[in-house]
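Below is one structure; the comments refer to it alone.
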Amino acid sequence: MANKSVRMAELKKNFMKHHEEGKTIKEIAELYNVSKRHIYTSLQDIAELTNLTIAAIEKLQAEG
């Protein structure tokens with residue numbers, strides 16, 4: 001399996017696709033073999049890559 005930085009780069013690139021497919025943050029974390037916490041700390045980066053708003057980030061955090 002690729003190292004964590006490579007997995008996180010792929011996760012960030014594909015996060016919204018997975019989310020739109022109905023996957024939870026937990027399921028996405030398992031898919032990329034990272035912790036949910038690691039995703040939460042990366043939400044700002046994900047938002048910048050996908051042009052999400054602060055409100056959308058807060059909604060994702062609430063969905064847990």
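Each chain of the structure tokens is named A, B, ... in the order shown, its residues numbered from 1; ligands are numbered from 1 in display order.
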(Q) Just want the 12 Å neighbourhood of range 48-59 of chain A, counted on only C-alpha atoms, with same-chain residues fewer than 6 positions away dropped. Output as a list in words. (A) Ala9, Glu10, Leu11, Lys12, Lys13, Asn14, Phe15, Met16, Lys17, His19, Ile25, Ile39, Tyr40, Thr41 and Ser42 of chain A
Q: Apply DSSP to the backbone of this structure and, from chain A, keep only the residues in helix (DSSP H, G or I); write these as a ChimeraX atom specification.
A: /A:4-20,25-32,36-50,54-63
Selected residues, C-alpha atoms, written as a short mmCIF file (atom, residue, chain, number, x, y, z; two decimals), in the first residue's frame, please.
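So the final result, stored in part-v9.cif, reads:
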data_model
loop_
_atom_site.label_atom_id
_atom_site.label_comp_id
_atom_site.auth_asym_id
_atom_site.auth_seq_id
_atom_site.Cartn_x
_atom_site.Cartn_y
_atom_site.Cartn_z
CA LYS A 4 0.13 7.99 3.94
CA SER A 5 1.00 11.17 2.02
CA VAL A 6 0.21 9.47 -1.30
CA ARG A 7 -3.03 8.02 0.10
CA MET A 8 -4.04 11.43 1.48
CA ALA A 9 -3.33 13.13 -1.85
CA GLU A 10 -5.63 10.60 -3.56
CA LEU A 11 -8.23 10.96 -0.82
CA LYS A 12 -8.27 14.74 -1.15
CA LYS A 13 -8.60 14.47 -4.91
CA ASN A 14 -11.47 11.97 -4.71
CA PHE A 15 -13.18 12.95 -1.46
CA MET A 16 -16.23 14.66 -2.93
CA LYS A 17 -16.82 11.85 -5.43
CA HIS A 18 -16.95 9.36 -2.56
CA HIS A 19 -19.08 11.69 -0.45
CA GLU A 20 -21.55 12.19 -3.30
CA ILE A 25 -16.19 9.96 6.44
CA LYS A 26 -15.57 6.71 8.32
CA GLU A 27 -16.01 4.67 5.13
CA ILE A 28 -13.73 7.00 3.18
CA ALA A 29 -11.11 6.77 5.92
CA GLU A 30 -11.26 2.97 5.80
CA LEU A 31 -11.00 3.01 2.00
CA TYR A 32 -7.73 4.96 2.19
CA LYS A 36 -11.25 9.84 10.55
CA ARG A 37 -9.32 12.41 12.53
CA HIS A 38 -6.79 12.70 9.71
CA ILE A 39 -9.63 13.47 7.31
CA TYR A 40 -11.13 16.04 9.68
CA THR A 41 -7.78 17.81 9.95
CA SER A 42 -7.60 17.83 6.14
CA LEU A 43 -11.08 19.23 5.48
CA GLN A 44 -9.77 22.73 4.89
CA ASP A 45 -7.38 21.41 2.21
CA ILE A 46 -10.22 19.38 0.70
CA ALA A 47 -12.44 22.47 0.70
CA GLU A 48 -9.82 24.50 -1.13
CA LEU A 49 -9.36 21.78 -3.75
CA THR A 50 -13.10 21.40 -4.32
CA ILE A 54 -17.26 26.94 5.25
CA ALA A 55 -20.92 25.91 5.67
CA ALA A 56 -20.32 22.80 3.57
CA ILE A 57 -17.27 21.90 5.65
CA GLU A 58 -19.28 22.30 8.84
CA LYS A 59 -21.99 20.05 7.41
CA LEU A 60 -19.42 17.37 6.56
CA GLN A 61 -18.01 17.58 10.09
CA ALA A 62 -21.48 17.22 11.58
CA GLU A 63 -22.18 14.13 9.48
#
